[in-house]
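The structure file input27.cif is reproduced below (mmCIF, C-alpha atoms).
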```cif
data_input
#
loop_
_atom_site.label_atom_id
_atom_site.label_comp_id
_atom_site.auth_asym_id
_atom_site.auth_seq_id
_atom_site.Cartn_x
_atom_site.Cartn_y
_atom_site.Cartn_z
CA MET A 1 -15.72 11.20 -11.34
CA ILE A 2 -18.52 11.23 -8.82
CA ILE A 3 -18.69 8.20 -6.53
CA LYS A 4 -22.31 7.31 -5.97
CA SER A 5 -21.82 4.16 -3.90
CA LYS A 6 -22.49 4.85 -0.23
CA SER A 7 -20.53 1.77 0.86
CA ILE A 8 -17.36 3.00 -0.90
CA GLU A 9 -17.77 6.41 0.71
CA LYS A 10 -18.26 4.80 4.13
CA PHE A 11 -15.23 2.54 3.64
CA VAL A 12 -12.98 5.45 2.60
CA ASN A 13 -14.15 7.65 5.50
CA TYR A 14 -13.72 4.75 7.92
CA SER A 15 -10.18 4.13 6.63
CA GLY A 16 -9.28 7.77 7.19
CA ARG A 17 -10.57 7.64 10.76
CA LYS A 18 -9.25 4.23 11.78
CA LEU A 19 -6.12 3.48 9.78
CA ASN A 20 -3.15 4.97 11.49
CA ALA A 21 0.46 4.18 12.31
CA PRO A 22 -0.20 0.94 14.33
CA GLN A 23 -2.55 -0.43 11.68
CA GLN A 24 -0.01 0.53 9.02
CA ALA A 25 2.55 -1.68 10.82
CA VAL A 26 0.11 -4.63 10.81
CA ILE A 27 -0.87 -4.22 7.14
CA MET A 28 2.73 -3.73 6.05
CA GLY A 29 3.82 -6.73 8.14
CA ALA A 30 1.15 -9.06 6.77
CA SER A 31 1.86 -8.08 3.18
CA ALA A 32 5.63 -8.34 3.79
CA VAL A 33 5.29 -11.93 5.06
CA LEU A 34 3.21 -12.68 1.98
CA PHE A 35 5.46 -11.11 -0.67
CA GLN A 36 9.07 -10.91 0.52
CA PRO A 37 9.77 -14.64 1.12
CA TYR A 38 8.11 -15.41 -2.22
CA ILE A 39 10.30 -12.83 -4.00
CA ASN A 40 13.43 -14.23 -2.33
CA ARG A 41 12.45 -17.82 -3.14
CA LYS A 42 12.05 -16.93 -6.80
CA ASN A 43 15.53 -15.37 -6.95
CA LYS A 44 17.22 -18.00 -9.12
CA ARG A 45 20.45 -16.02 -9.34
CA LEU A 46 21.55 -17.38 -5.97
CA ASP A 47 22.82 -20.75 -4.85
CA GLU A 48 20.30 -22.84 -2.90
CA ASP A 49 21.82 -22.30 0.54
CA THR A 50 21.98 -18.51 0.29
CA ARG A 51 18.46 -18.45 -1.08
CA ASP A 52 17.13 -20.55 1.83
CA MET A 53 18.83 -18.24 4.30
CA ALA A 54 17.42 -15.16 2.53
CA VAL A 55 13.90 -16.64 2.63
CA ALA A 56 14.20 -17.58 6.32
CA ARG A 57 15.59 -14.17 7.22
CA SER A 58 12.88 -12.28 5.37
CA ILE A 59 10.17 -14.24 7.25
CA GLY A 60 11.86 -13.72 10.63
CA LYS A 61 12.62 -10.06 9.97
CA CYS A 62 9.09 -9.24 8.77
CA ILE A 63 7.35 -10.98 11.70
CA VAL A 64 9.56 -9.60 14.47
CA GLY A 65 10.08 -6.17 12.91
CA ASN A 66 6.45 -5.39 12.32
CA CYS A 67 5.26 -6.86 15.64
CA SER A 68 7.76 -4.68 17.52
CA ASP A 69 6.78 -1.62 15.41
CA PHE A 70 3.13 -2.27 16.23
CA LEU A 71 3.80 -2.62 19.95
CA ALA A 72 6.07 0.44 20.05
CA ARG A 73 3.46 2.54 18.27
CA ILE A 74 0.63 1.41 20.56
CA VAL A 75 2.66 2.12 23.72
CA ALA A 76 3.88 5.48 22.39
CA ILE A 77 0.41 6.64 21.30
CA PHE A 78 -1.07 5.60 24.65
CA SER A 79 1.68 7.48 26.51
CA VAL A 80 1.20 10.59 24.41
CA ALA A 81 -2.57 10.49 24.99
CA LYS A 82 -2.01 10.31 28.75
CA LEU A 83 0.50 13.17 28.71
CA SER A 84 -1.31 15.59 26.42
CA ASN A 85 -4.32 16.83 28.37
CA TYR A 86 -5.23 20.34 27.35
CA ILE A 87 -7.49 23.22 28.32
CA THR A 88 -9.46 25.51 26.08
CA LYS A 89 -11.73 28.42 26.79
CA SER A 90 -15.40 28.93 25.87
CA ASP A 91 -16.05 25.48 24.46
CA LYS A 92 -19.18 24.19 26.13
CA ASN A 93 -20.89 23.28 22.86
CA ASN A 94 -19.48 21.47 19.86
CA GLU A 95 -20.15 24.49 17.69
CA ASP A 96 -18.23 26.91 19.96
CA ILE A 97 -15.08 28.35 18.49
CA VAL A 98 -11.90 27.50 20.39
CA THR A 99 -9.31 30.26 20.25
CA VAL A 100 -6.75 29.16 22.84
CA LEU A 101 -5.12 25.78 23.39
CA THR A 102 -2.77 25.22 26.35
CA PRO A 103 -1.53 22.22 28.41
CA LYS A 104 -3.59 21.33 31.48
CA SER A 105 -0.63 20.83 33.79
CA LYS A 106 3.15 20.73 33.73
CA LEU A 107 2.98 16.95 33.34
CA ASP A 108 1.25 17.29 29.97
CA ILE A 109 4.50 17.63 28.10
CA PHE A 110 3.00 16.53 24.79
CA ALA A 111 0.09 18.99 24.73
CA PRO A 112 0.46 21.75 22.15
CA ASN A 113 1.02 25.12 23.84
CA MET A 114 -0.28 27.61 21.33
CA LYS A 115 -0.48 31.21 22.26
CA ASP A 116 -0.11 32.64 18.78
CA GLY A 117 -0.37 30.72 15.57
CA PHE A 118 -3.37 28.67 16.66
CA ALA A 119 -6.02 28.92 13.97
CA PRO A 120 -9.39 29.15 15.80
CA ARG A 121 -11.65 26.20 15.07
CA HIS A 122 -14.89 24.58 16.23
CA LYS A 123 -14.63 22.37 19.31
CA ASN A 124 -15.59 19.19 17.44
CA GLU A 125 -12.95 19.96 14.80
CA LEU A 126 -10.35 20.52 17.51
CA VAL A 127 -11.19 17.17 19.12
CA LYS A 128 -10.54 15.43 15.78
CA ASP A 129 -7.32 17.39 15.24
CA ILE A 130 -6.05 16.54 18.71
CA LYS A 131 -6.77 12.86 18.07
CA SER A 132 -4.78 12.95 14.82
CA TYR A 133 -2.03 14.91 16.56
CA ARG A 134 -1.75 12.25 19.30
CA PHE A 135 -1.41 9.53 16.67
CA ALA A 136 1.23 11.58 14.87
CA MET A 137 3.23 12.39 17.98
CA GLY A 138 2.91 8.80 19.21
CA ALA A 139 4.16 7.43 15.91
CA LEU A 140 7.12 9.80 15.93
CA LEU A 141 7.94 8.83 19.49
CA ALA A 142 7.65 5.17 18.49
CA THR A 143 10.26 5.76 15.77
CA GLY A 144 12.65 6.86 18.50
CA PHE A 145 11.61 3.88 20.61
CA ALA A 146 12.33 1.65 17.63
CA VAL A 147 16.07 2.35 17.92
CA PHE A 148 16.06 0.87 21.41
CA LEU A 149 13.67 -2.00 20.59
CA LYS A 150 15.46 -3.02 17.43
CA THR A 151 18.85 -3.31 19.09
CA THR A 152 17.72 -4.99 22.31
CA ILE A 153 14.77 -7.25 21.45
CA GLU A 154 14.29 -7.37 17.72
CA LEU A 155 17.74 -8.45 16.58
CA PRO A 156 18.11 -11.53 18.83
CA LEU A 157 14.51 -12.54 18.10
CA THR A 158 15.03 -12.11 14.35
CA LYS A 159 18.09 -14.34 14.57
CA LYS A 160 16.18 -17.04 16.45
CA LEU A 161 13.29 -16.96 14.02
CA THR A 162 15.66 -16.92 11.05
CA ASP A 163 17.39 -20.06 12.36
CA TYR A 164 14.02 -21.72 12.94
CA PHE A 165 12.72 -20.94 9.44
CA TYR A 166 16.07 -21.86 7.88
CA LYS A 167 15.88 -25.31 9.48
CA ARG A 168 12.29 -25.65 8.29
CA GLU A 169 13.27 -24.72 4.74
CA LYS A 170 15.99 -27.38 4.86
CA MET A 171 13.62 -30.00 6.28
CA LYS A 172 11.03 -29.24 3.64
CA LYS A 173 13.66 -29.69 0.93
CA GLU A 174 14.83 -33.00 2.44
CA ILE A 175 11.27 -34.36 2.56
CA HIS A 176 10.69 -33.15 -0.98
CA ASP A 177 13.93 -34.82 -2.19
CA LYS A 178 13.04 -38.11 -0.46
CA THR A 179 9.58 -38.26 -2.04
CA ASP A 180 11.16 -37.47 -5.41
CA ARG A 181 13.66 -40.31 -4.98
CA ASN A 182 10.91 -42.78 -3.94
CA LYS A 183 9.00 -41.99 -7.12
CA MET B 184 -0.49 29.61 31.37
CA ILE B 185 2.47 27.23 31.17
CA LYS B 186 5.38 28.87 29.36
CA PRO B 187 6.21 27.44 25.90
CA THR B 188 9.50 25.51 25.97
CA GLY B 189 11.57 23.77 23.32
CA ILE B 190 9.44 20.62 23.50
CA SER B 191 6.20 22.57 23.19
CA ARG B 192 7.55 24.34 20.11
CA PHE B 193 8.17 20.87 18.67
CA ASN B 194 4.65 19.80 19.73
CA ASN B 195 3.20 22.88 18.00
CA TYR B 196 5.13 22.08 14.84
CA ILE B 197 3.75 18.51 14.79
CA PHE B 198 0.23 19.79 15.54
CA LYS B 199 0.37 22.27 12.66
CA ASN B 200 1.86 19.84 10.16
CA TYR B 201 0.25 16.49 10.90
CA ALA B 202 -3.09 17.08 12.66
CA LYS B 203 -4.98 17.48 9.41
CA ASP B 204 -3.13 14.98 7.24
CA SER B 205 -2.62 11.42 8.52
CA SER B 206 -1.20 10.19 5.22
CA LYS B 207 1.79 12.57 5.47
CA LEU B 208 2.57 11.02 8.83
CA LEU B 209 2.41 7.47 7.44
CA VAL B 210 4.96 8.34 4.74
CA HIS B 211 7.42 10.02 7.11
CA VAL B 212 7.16 7.48 9.95
CA GLY B 213 7.35 4.55 7.53
CA THR B 214 10.53 5.93 5.99
CA GLY B 215 12.10 6.58 9.40
CA VAL B 216 11.35 3.07 10.65
CA THR B 217 12.75 1.50 7.46
CA VAL B 218 16.03 3.43 7.88
CA ILE B 219 16.39 2.40 11.54
CA GLY B 220 15.37 -1.20 10.86
CA ALA B 221 17.80 -1.59 7.97
CA SER B 222 20.74 -0.20 9.97
CA ALA B 223 19.96 -2.58 12.84
CA GLN B 224 19.65 -5.59 10.52
CA VAL B 225 22.99 -4.86 8.84
CA GLY B 226 24.57 -4.64 12.28
CA MET B 227 23.04 -7.98 13.25
CA LEU B 228 24.29 -9.68 10.09
CA LEU B 229 27.81 -8.38 10.52
CA ALA B 230 27.89 -9.61 14.12
CA ASP B 231 26.44 -13.05 13.30
CA LYS B 232 29.27 -15.61 13.30
CA ASP B 233 27.09 -18.58 12.33
CA ILE B 234 26.42 -17.44 8.78
CA GLU B 235 28.96 -18.58 6.21
CA GLY B 236 31.23 -16.09 4.41
CA HIS B 237 29.63 -15.83 0.98
CA THR B 238 26.07 -16.10 2.38
CA LYS B 239 26.83 -13.34 4.87
CA LYS B 240 28.33 -11.20 2.12
CA TYR B 241 25.20 -11.64 0.02
CA LEU B 242 22.82 -10.99 2.93
CA VAL B 243 24.66 -7.81 3.99
CA ASN B 244 24.68 -6.57 0.38
CA GLN B 245 21.03 -7.56 0.00
CA GLU B 246 20.05 -5.76 3.20
CA ILE B 247 21.87 -2.55 2.30
CA ILE B 248 20.73 -2.48 -1.32
CA THR B 249 17.15 -3.65 -0.64
CA SER B 250 16.77 -1.14 2.17
CA GLY B 251 18.22 1.61 -0.01
CA CYS B 252 15.78 0.70 -2.80
CA CYS B 253 12.90 0.39 -0.31
CA ILE B 254 13.63 3.73 1.35
CA GLY B 255 14.07 5.53 -1.98
CA LEU B 256 11.06 3.92 -3.60
CA TYR B 257 8.98 4.13 -0.43
CA TYR B 258 9.45 7.86 -0.04
CA THR B 259 9.16 8.77 -3.72
CA ILE B 260 6.23 6.47 -4.54
CA CYS B 261 4.29 7.10 -1.33
CA ASP B 262 4.81 10.84 -1.26
CA GLY B 263 4.12 11.08 -4.99
CA THR B 264 0.92 9.04 -4.59
CA ARG B 265 -0.18 11.15 -1.63
CA ARG B 266 0.38 14.40 -3.52
CA LEU B 267 -1.35 13.03 -6.63
CA ALA B 268 -4.35 11.80 -4.63
CA ASN B 269 -4.65 15.15 -2.82
CA ARG B 270 -4.39 17.06 -6.10
CA LEU B 271 -7.04 14.92 -7.82
CA LEU B 272 -9.37 15.39 -4.86
CA GLU B 273 -8.77 19.13 -4.52
CA GLN B 274 -9.46 19.60 -8.22
CA GLY B 275 -12.65 17.62 -7.87
CA LYS B 276 -11.58 14.84 -10.27
CA ILE B 277 -12.85 12.34 -7.67
CA LEU B 278 -15.72 13.34 -5.40
CA THR B 279 -18.48 11.65 -3.49
CA GLU B 280 -22.06 12.40 -4.40
CA LYS B 281 -22.61 13.96 -0.96
CA VAL B 282 -19.74 16.43 -1.40
CA ALA B 283 -20.67 17.22 -5.02
CA MET B 284 -24.26 17.83 -3.94
CA GLY B 285 -23.09 20.05 -1.06
CA LEU B 286 -20.95 22.09 -3.47
CA ALA B 287 -23.79 22.40 -5.98
CA ALA B 288 -26.17 23.46 -3.19
CA LEU B 289 -23.91 26.39 -2.24
CA ASN B 290 -25.72 28.36 -4.89
CA LYS B 291 -28.90 29.15 -2.98
CA GLU B 292 -30.51 30.78 -6.02
CA ASN B 293 -30.47 27.39 -7.74
CA HIS B 294 -33.52 25.51 -6.46
CA ASN B 295 -32.68 22.24 -8.22
CA PRO B 296 -28.99 21.54 -7.48
CA GLN B 297 -27.40 18.61 -9.32
CA ALA B 298 -24.24 16.84 -8.18
CA SER B 299 -22.82 16.71 -11.71
CA LYS B 300 -23.00 20.51 -12.00
CA TRP B 301 -21.03 21.32 -8.82
CA LYS B 302 -18.38 23.19 -10.84
CA ASP B 303 -20.96 25.93 -11.58
CA SER B 304 -20.64 27.06 -7.96
CA PHE B 305 -17.09 28.35 -8.52
CA THR B 306 -15.26 30.41 -11.12
CA LYS B 307 -12.31 28.92 -13.02
CA ASP B 308 -9.82 30.88 -10.93
CA GLU B 309 -11.47 29.74 -7.72
CA LEU B 310 -11.35 26.09 -8.84
CA LYS B 311 -7.58 26.35 -9.34
CA LYS B 312 -7.18 27.12 -5.63
CA GLY B 313 -8.75 23.80 -4.63
CA ILE B 314 -12.03 22.80 -2.99
CA SER B 315 -10.74 23.02 0.61
CA TYR B 316 -9.45 26.55 0.12
CA ASN B 317 -12.73 27.75 -1.36
CA LEU B 318 -14.80 26.17 1.37
CA GLU B 319 -12.52 27.53 4.10
CA HIS B 320 -12.62 31.01 2.54
CA ILE B 321 -16.22 30.92 1.37
CA GLN B 322 -16.62 34.64 2.12
CA ASP B 323 -14.09 35.39 -0.63
CA THR B 324 -15.95 33.43 -3.30
CA LYS B 325 -18.16 34.93 -5.95
CA ILE B 326 -21.09 32.73 -4.95
CA TYR B 327 -21.09 34.17 -1.42
CA LYS B 328 -20.70 37.74 -2.60
CA ASN B 329 -23.57 37.33 -5.06
CA ALA B 330 -25.89 35.71 -2.50
CA SER B 331 -28.59 37.88 -0.93
CA GLU B 332 -27.90 39.01 2.64
CA ASN B 333 -30.49 36.72 4.23
CA LEU B 334 -29.02 33.63 2.46
CA LYS B 335 -25.39 34.30 3.37
CA PRO B 336 -25.49 32.51 6.78
CA GLN B 337 -26.94 29.45 5.03
CA VAL B 338 -24.11 29.50 2.48
CA ILE B 339 -21.53 29.58 5.29
CA GLU B 340 -23.24 26.73 7.17
CA ASN B 341 -23.51 24.66 4.01
CA ALA B 342 -19.85 25.28 3.19
CA GLN B 343 -18.76 24.11 6.65
CA LYS B 344 -20.78 20.90 6.43
CA THR B 345 -19.46 20.18 2.94
CA LEU B 346 -15.90 20.93 4.07
CA GLU B 347 -16.23 18.40 6.89
CA SER B 348 -17.46 15.68 4.50
CA PHE B 349 -14.79 16.59 1.96
CA ARG B 350 -11.99 16.45 4.55
CA GLY B 351 -13.14 13.05 5.79
CA PHE B 352 -13.14 11.64 2.27
CA LYS B 353 -9.86 13.32 1.33
CA ASN B 354 -8.11 12.00 4.43
CA GLY B 355 -9.44 8.47 3.88
CA SER B 356 -8.50 8.48 0.20
CA SER B 357 -4.96 9.66 0.77
CA VAL B 358 -4.46 7.20 3.67
CA LEU B 359 -5.61 4.31 1.46
CA ALA B 360 -3.51 5.54 -1.46
CA VAL B 361 -0.42 5.78 0.76
CA LEU B 362 -1.01 2.32 2.26
CA LEU B 363 -1.33 0.69 -1.17
CA ALA B 364 1.70 2.61 -2.42
CA SER B 365 3.71 1.59 0.66
CA ILE B 366 2.86 -2.10 0.17
CA PHE B 367 3.92 -1.86 -3.46
CA ALA B 368 7.07 0.18 -2.80
CA GLY B 369 8.26 -1.45 0.44
CA ASN B 370 7.22 -5.05 -0.07
CA ILE B 371 7.21 -5.66 -3.83
CA ALA B 372 9.18 -3.16 -5.92
CA GLY B 373 11.93 -2.53 -3.33
CA PRO B 374 12.77 -6.21 -2.65
CA ILE B 375 12.63 -7.17 -6.35
CA LEU B 376 14.97 -4.35 -7.36
CA GLY B 377 17.17 -4.90 -4.30
CA ASN B 378 17.45 -8.65 -4.96
CA PHE B 379 18.31 -8.05 -8.56
CA ILE B 380 21.11 -5.60 -7.77
CA ALA B 381 22.39 -7.49 -4.72
CA SER B 382 22.56 -10.86 -6.47
CA LEU B 383 24.75 -9.55 -9.30
CA PRO B 384 27.99 -9.73 -7.26
CA ALA B 385 26.73 -12.85 -5.42
CA LYS B 386 26.23 -14.65 -8.69
CA LYS B 387 29.76 -13.71 -9.73
CA ASP B 388 31.10 -15.01 -6.40
CA CYS B 389 29.23 -18.28 -6.70
CA LYS B 390 30.83 -19.02 -10.05
CA GLN B 391 34.12 -19.43 -8.21
CA PRO B 392 34.98 -22.91 -6.84
CA PRO B 393 34.13 -23.08 -3.07
CA CYS B 394 30.51 -22.05 -3.25
CA GLY B 395 29.72 -23.11 -6.82
CA LYS B 396 27.25 -26.00 -7.00
#
```
Go through the file and emit its structure as structure tokens.
Amino acid sequence: MIIKSKSIEKFVNYSGRKLNAPQQAVIMGASAVLFQPYINRKNKRLDEDTRDMAVARSIGKCIVGNCSDFLARIVAIFSVAKLSNYITKSDKNNEDIVTVLTPKSKLDIFAPNMKDGFAPRHKNELVKDIKSYRFAMGALLATGFAVFLKTTIELPLTKKLTDYFYKREKMKKEIHDKTDRNK
Amino acid sequence: MIKPTGISRFNNYIFKNYAKDSSKLLVHVGTGVTVIGASAQVGMLLADKDIEGHTKKYLVNQEIITSGCCIGLYYTICDGTRRLANRLLEQGKILTEKVAMGLAALNKENHNPQASKWKDSFTKDELKKGISYNLEHIQDTKIYKNASENLKPQVIENAQKTLESFRGFKNGSSVLAVLLASIFAGNIAGPILGNFIASLPAKKDCKQPPCGK
């Protein structure tokens, strides 16, 4: 199949360039808030109270979890970018082939240090690869960060939000029952 | 030059494995975060004294089972989708007109290249290796070997430009495929399956007097 539409091509290329780990957290979070409470609410196998709690918890968990994932990823990617300055040789023009990639200083702990095993590539290709690498390393670092964030910030916040949404679910039901009785 | 240490060996490994393929990263990081998140949530539920006994039992079961389903489905569906998307693209089942035209134009003897006839630029054996491989190793292809000496630099230049467009499209396609697959696996299929399995014992519990309604 050959895609002739330029707008589809642009959209796909744009997605490849722009969608990365932080955006994944936002998209996953938004869709989770949309689907998971609905799925829990439709679970008729449970008694009403358990179902309300499951709905409230899924809303709280999705909001807090994905917000903290997003923040952790942003912070981690930014830190990696700051600590991964590199030097190359003979790369004045974009078309020049880069053969060596080393960290700029001892502080650049996240810069690849490739003596052997570095496949030579054009400078503009290397710039793109380094950008993807920073996202990748940042996202991995954020996964480690997540252990700390989830136990210190996320859990108490999830509990608070769960309680809030649980009360709201109950209030909604009460209002609904009252209007039913008045009819 | 700064001496390579343990951390730089790890950096090199990440650079080699993830710099060219963002979708692979999304699958692995997503799975890791789900595992950590689920373990933390189970811990929170167990420590929460405000939730009633049978509700807590259900929520803990639900969290463990849903997370298990989500992690399993997430990894298998997302990784499967990523591999399938990459395979379809490498085989040229889905291509943009620009890439197809670039591939067709590799044959410099052909003065009227057509996007639909891009496959004529490669032999059957070459096509099996994938578009990226052929463009990266254009000097090994029949089309390059058959080209006259003065046209060979043009073939190489054309192959590099086409490779760049192809990589951009391939990366975007697999990222989108993985995102859609992760929404389906993590937010729809996982919770539905998890709820179904987790509510089986809960339903049995609720038939007994204290929590039955």
At a cut-off of 7 Å, can you tabulate as a Markdown table every residue of chain B near chain A together with its closest atom pair and the distance in Å to one decimal, using all atoms listed in the file and ordering rows by chain then number?
```
| residue | atom | partner | partner_atom | distance |
| --- | --- | --- | --- | --- |
| B:Ile185 | CA | A:Pro103 | CA | 7.0 |
| B:Pro187 | CA | A:Asn113 | CA | 6.0 |
| B:Ser191 | CA | A:Asn113 | CA | 5.8 |
| B:Asn194 | CA | A:Pro112 | CA | 5.2 |
| B:Asn195 | CA | A:Pro112 | CA | 5.1 |
| B:Ile197 | CA | A:Met137 | CA | 6.9 |
| B:Phe198 | CA | A:Tyr133 | CA | 5.5 |
| B:Tyr201 | CA | A:Tyr133 | CA | 6.3 |
| B:Ala202 | CA | A:Tyr133 | CA | 4.6 |
| B:Lys203 | CA | A:Asp129 | CA | 6.3 |
| B:Ser205 | CA | A:Ser132 | CA | 6.8 |
| B:Leu208 | CA | A:Ala136 | CA | 6.2 |
| B:Leu209 | CA | A:Ala21 | CA | 6.2 |
| B:Val212 | CA | A:Leu140 | CA | 6.4 |
| B:Gly215 | CA | A:Thr143 | CA | 6.7 |
| B:Val216 | CA | A:Thr143 | CA | 5.9 |
| B:Ile219 | CA | A:Val147 | CA | 6.4 |
| B:Gly220 | CA | A:Lys150 | CA | 6.8 |
| B:Ala223 | CA | A:Thr151 | CA | 6.4 |
| B:Gln224 | CA | A:Leu155 | CA | 7.0 |
| B:Met227 | CA | A:Leu155 | CA | 6.3 |
| B:Thr238 | CA | A:Thr50 | CA | 5.2 |
| B:Leu242 | CA | A:Ala54 | CA | 6.8 |
| B:Lys276 | CA | A:Met1 | CA | 5.6 |
| B:Ile277 | CA | A:Met1 | CA | 4.8 |
| B:Leu278 | CA | A:Ile2 | CA | 4.9 |
| B:Thr279 | CA | A:Ile3 | CA | 4.6 |
| B:Glu280 | CA | A:Lys4 | CA | 5.3 |
| B:Gly351 | CA | A:Asn13 | CA | 5.5 |
| B:Phe352 | CA | A:Asn13 | CA | 5.2 |
| B:Asn354 | CA | A:Gly16 | CA | 5.2 |
| B:Gly355 | CA | A:Gly16 | CA | 3.4 |
| B:Ser356 | CA | A:Val12 | CA | 5.9 |
| B:Val358 | CA | A:Gly16 | CA | 6.0 |
| B:Leu359 | CA | A:Ser15 | CA | 6.9 |
| B:Ile366 | CA | A:Met28 | CA | 6.1 |
| B:Asn370 | CA | A:Ala32 | CA | 5.3 |
| B:Ile371 | CA | A:Phe35 | CA | 6.5 |
| B:Pro374 | CA | A:Gln36 | CA | 6.8 |
| B:Ile375 | CA | A:Ile39 | CA | 6.6 |
| B:Ser382 | CA | A:Arg45 | CA | 6.3 |
| B:Ala385 | CA | A:Leu46 | CA | 6.9 |
| B:Lys386 | CA | A:Arg45 | CA | 6.0 |
```
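One distance worth recording is that between CA of Trp301 (chain B) and CA of Thr345 (chain B), which is 11.9 Å.
Computed from the coordinates, the CA of Gly373 (chain B) to CA of Thr249 (chain B) distance equals 6.0 Å.
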Residue neighbourhood Asn244 (chain B), 12 Å, all atoms listed in the file, exclusion window fewer than 6 positions, as number ranges by chain: A: 54; B: 221, 224-225, 228-229, 237-238, 250-252, 377-385
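Our summary of the geometry notes that CA of Ile254 (chain B) is positioned 8.5 Å from CA of Ala368 (chain B).
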Contact residues around Glu340 (chain B) with all atoms listed in the file at 12 Å, ignoring same-chain residues under 3 positions, as a PyMOL selection string: (chain A and resi 95) or (chain B and resi 285-286+288-289+291+318-319+321-322+327+334-337+343-347)
N, CA and C atoms are needed for region 150-163 of chain A; please write them out as a PDB file, in the coordinates of the input.
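To be explicit, this is the file written out as part.pdb:
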```pdb
ATOM      1  N   LYS A 150      14.820  -2.247  18.487  1.00  0.00           N
ATOM      2  CA  LYS A 150      15.460  -3.020  17.430  1.00  0.00           C
ATOM      3  C   LYS A 150      16.800  -3.586  17.875  1.00  0.00           C
ATOM      4  N   THR A 151      17.536  -2.817  18.675  1.00  0.00           N
ATOM      5  CA  THR A 151      18.850  -3.310  19.090  1.00  0.00           C
ATOM      6  C   THR A 151      18.769  -4.291  20.257  1.00  0.00           C
ATOM      7  N   THR A 152      17.761  -4.129  21.126  1.00  0.00           N
ATOM      8  CA  THR A 152      17.720  -4.990  22.310  1.00  0.00           C
ATOM      9  C   THR A 152      16.867  -6.246  22.129  1.00  0.00           C
ATOM     10  N   ILE A 153      15.691  -6.103  21.525  1.00  0.00           N
ATOM     11  CA  ILE A 153      14.770  -7.250  21.450  1.00  0.00           C
ATOM     12  C   ILE A 153      14.696  -7.822  20.032  1.00  0.00           C
ATOM     13  N   GLU A 154      14.589  -6.893  19.072  1.00  0.00           N
ATOM     14  CA  GLU A 154      14.290  -7.370  17.720  1.00  0.00           C
ATOM     15  C   GLU A 154      15.415  -8.195  17.089  1.00  0.00           C
ATOM     16  N   LEU A 155      16.648  -7.747  17.249  1.00  0.00           N
ATOM     17  CA  LEU A 155      17.740  -8.450  16.580  1.00  0.00           C
ATOM     18  C   LEU A 155      17.921  -9.899  17.071  1.00  0.00           C
ATOM     19  N   PRO A 156      17.985 -10.125  18.408  1.00  0.00           N
ATOM     20  CA  PRO A 156      18.110 -11.530  18.830  1.00  0.00           C
ATOM     21  C   PRO A 156      16.909 -12.382  18.427  1.00  0.00           C
ATOM     22  N   LEU A 157      15.714 -11.777  18.495  1.00  0.00           N
ATOM     23  CA  LEU A 157      14.510 -12.540  18.100  1.00  0.00           C
ATOM     24  C   LEU A 157      14.536 -12.859  16.607  1.00  0.00           C
ATOM     25  N   THR A 158      14.953 -11.882  15.801  1.00  0.00           N
ATOM     26  CA  THR A 158      15.030 -12.110  14.350  1.00  0.00           C
ATOM     27  C   THR A 158      15.984 -13.264  14.071  1.00  0.00           C
ATOM     28  N   LYS A 159      17.095 -13.284  14.795  1.00  0.00           N
ATOM     29  CA  LYS A 159      18.090 -14.340  14.570  1.00  0.00           C
ATOM     30  C   LYS A 159      17.502 -15.712  14.905  1.00  0.00           C
ATOM     31  N   LYS A 160      16.779 -15.761  16.044  1.00  0.00           N
ATOM     32  CA  LYS A 160      16.180 -17.040  16.450  1.00  0.00           C
ATOM     33  C   LYS A 160      15.162 -17.504  15.421  1.00  0.00           C
ATOM     34  N   LEU A 161      14.310 -16.589  14.998  1.00  0.00           N
ATOM     35  CA  LEU A 161      13.290 -16.960  14.020  1.00  0.00           C
ATOM     36  C   LEU A 161      13.916 -17.332  12.675  1.00  0.00           C
ATOM     37  N   THR A 162      14.970 -16.604  12.306  1.00  0.00           N
ATOM     38  CA  THR A 162      15.660 -16.920  11.050  1.00  0.00           C
ATOM     39  C   THR A 162      16.200 -18.354  11.096  1.00  0.00           C
ATOM     40  N   ASP A 163      16.848 -18.705  12.216  1.00  0.00           N
ATOM     41  CA  ASP A 163      17.390 -20.060  12.360  1.00  0.00           C
ATOM     42  C   ASP A 163      16.276 -21.097  12.274  1.00  0.00           C
TER      43      ASP A 163
END
```
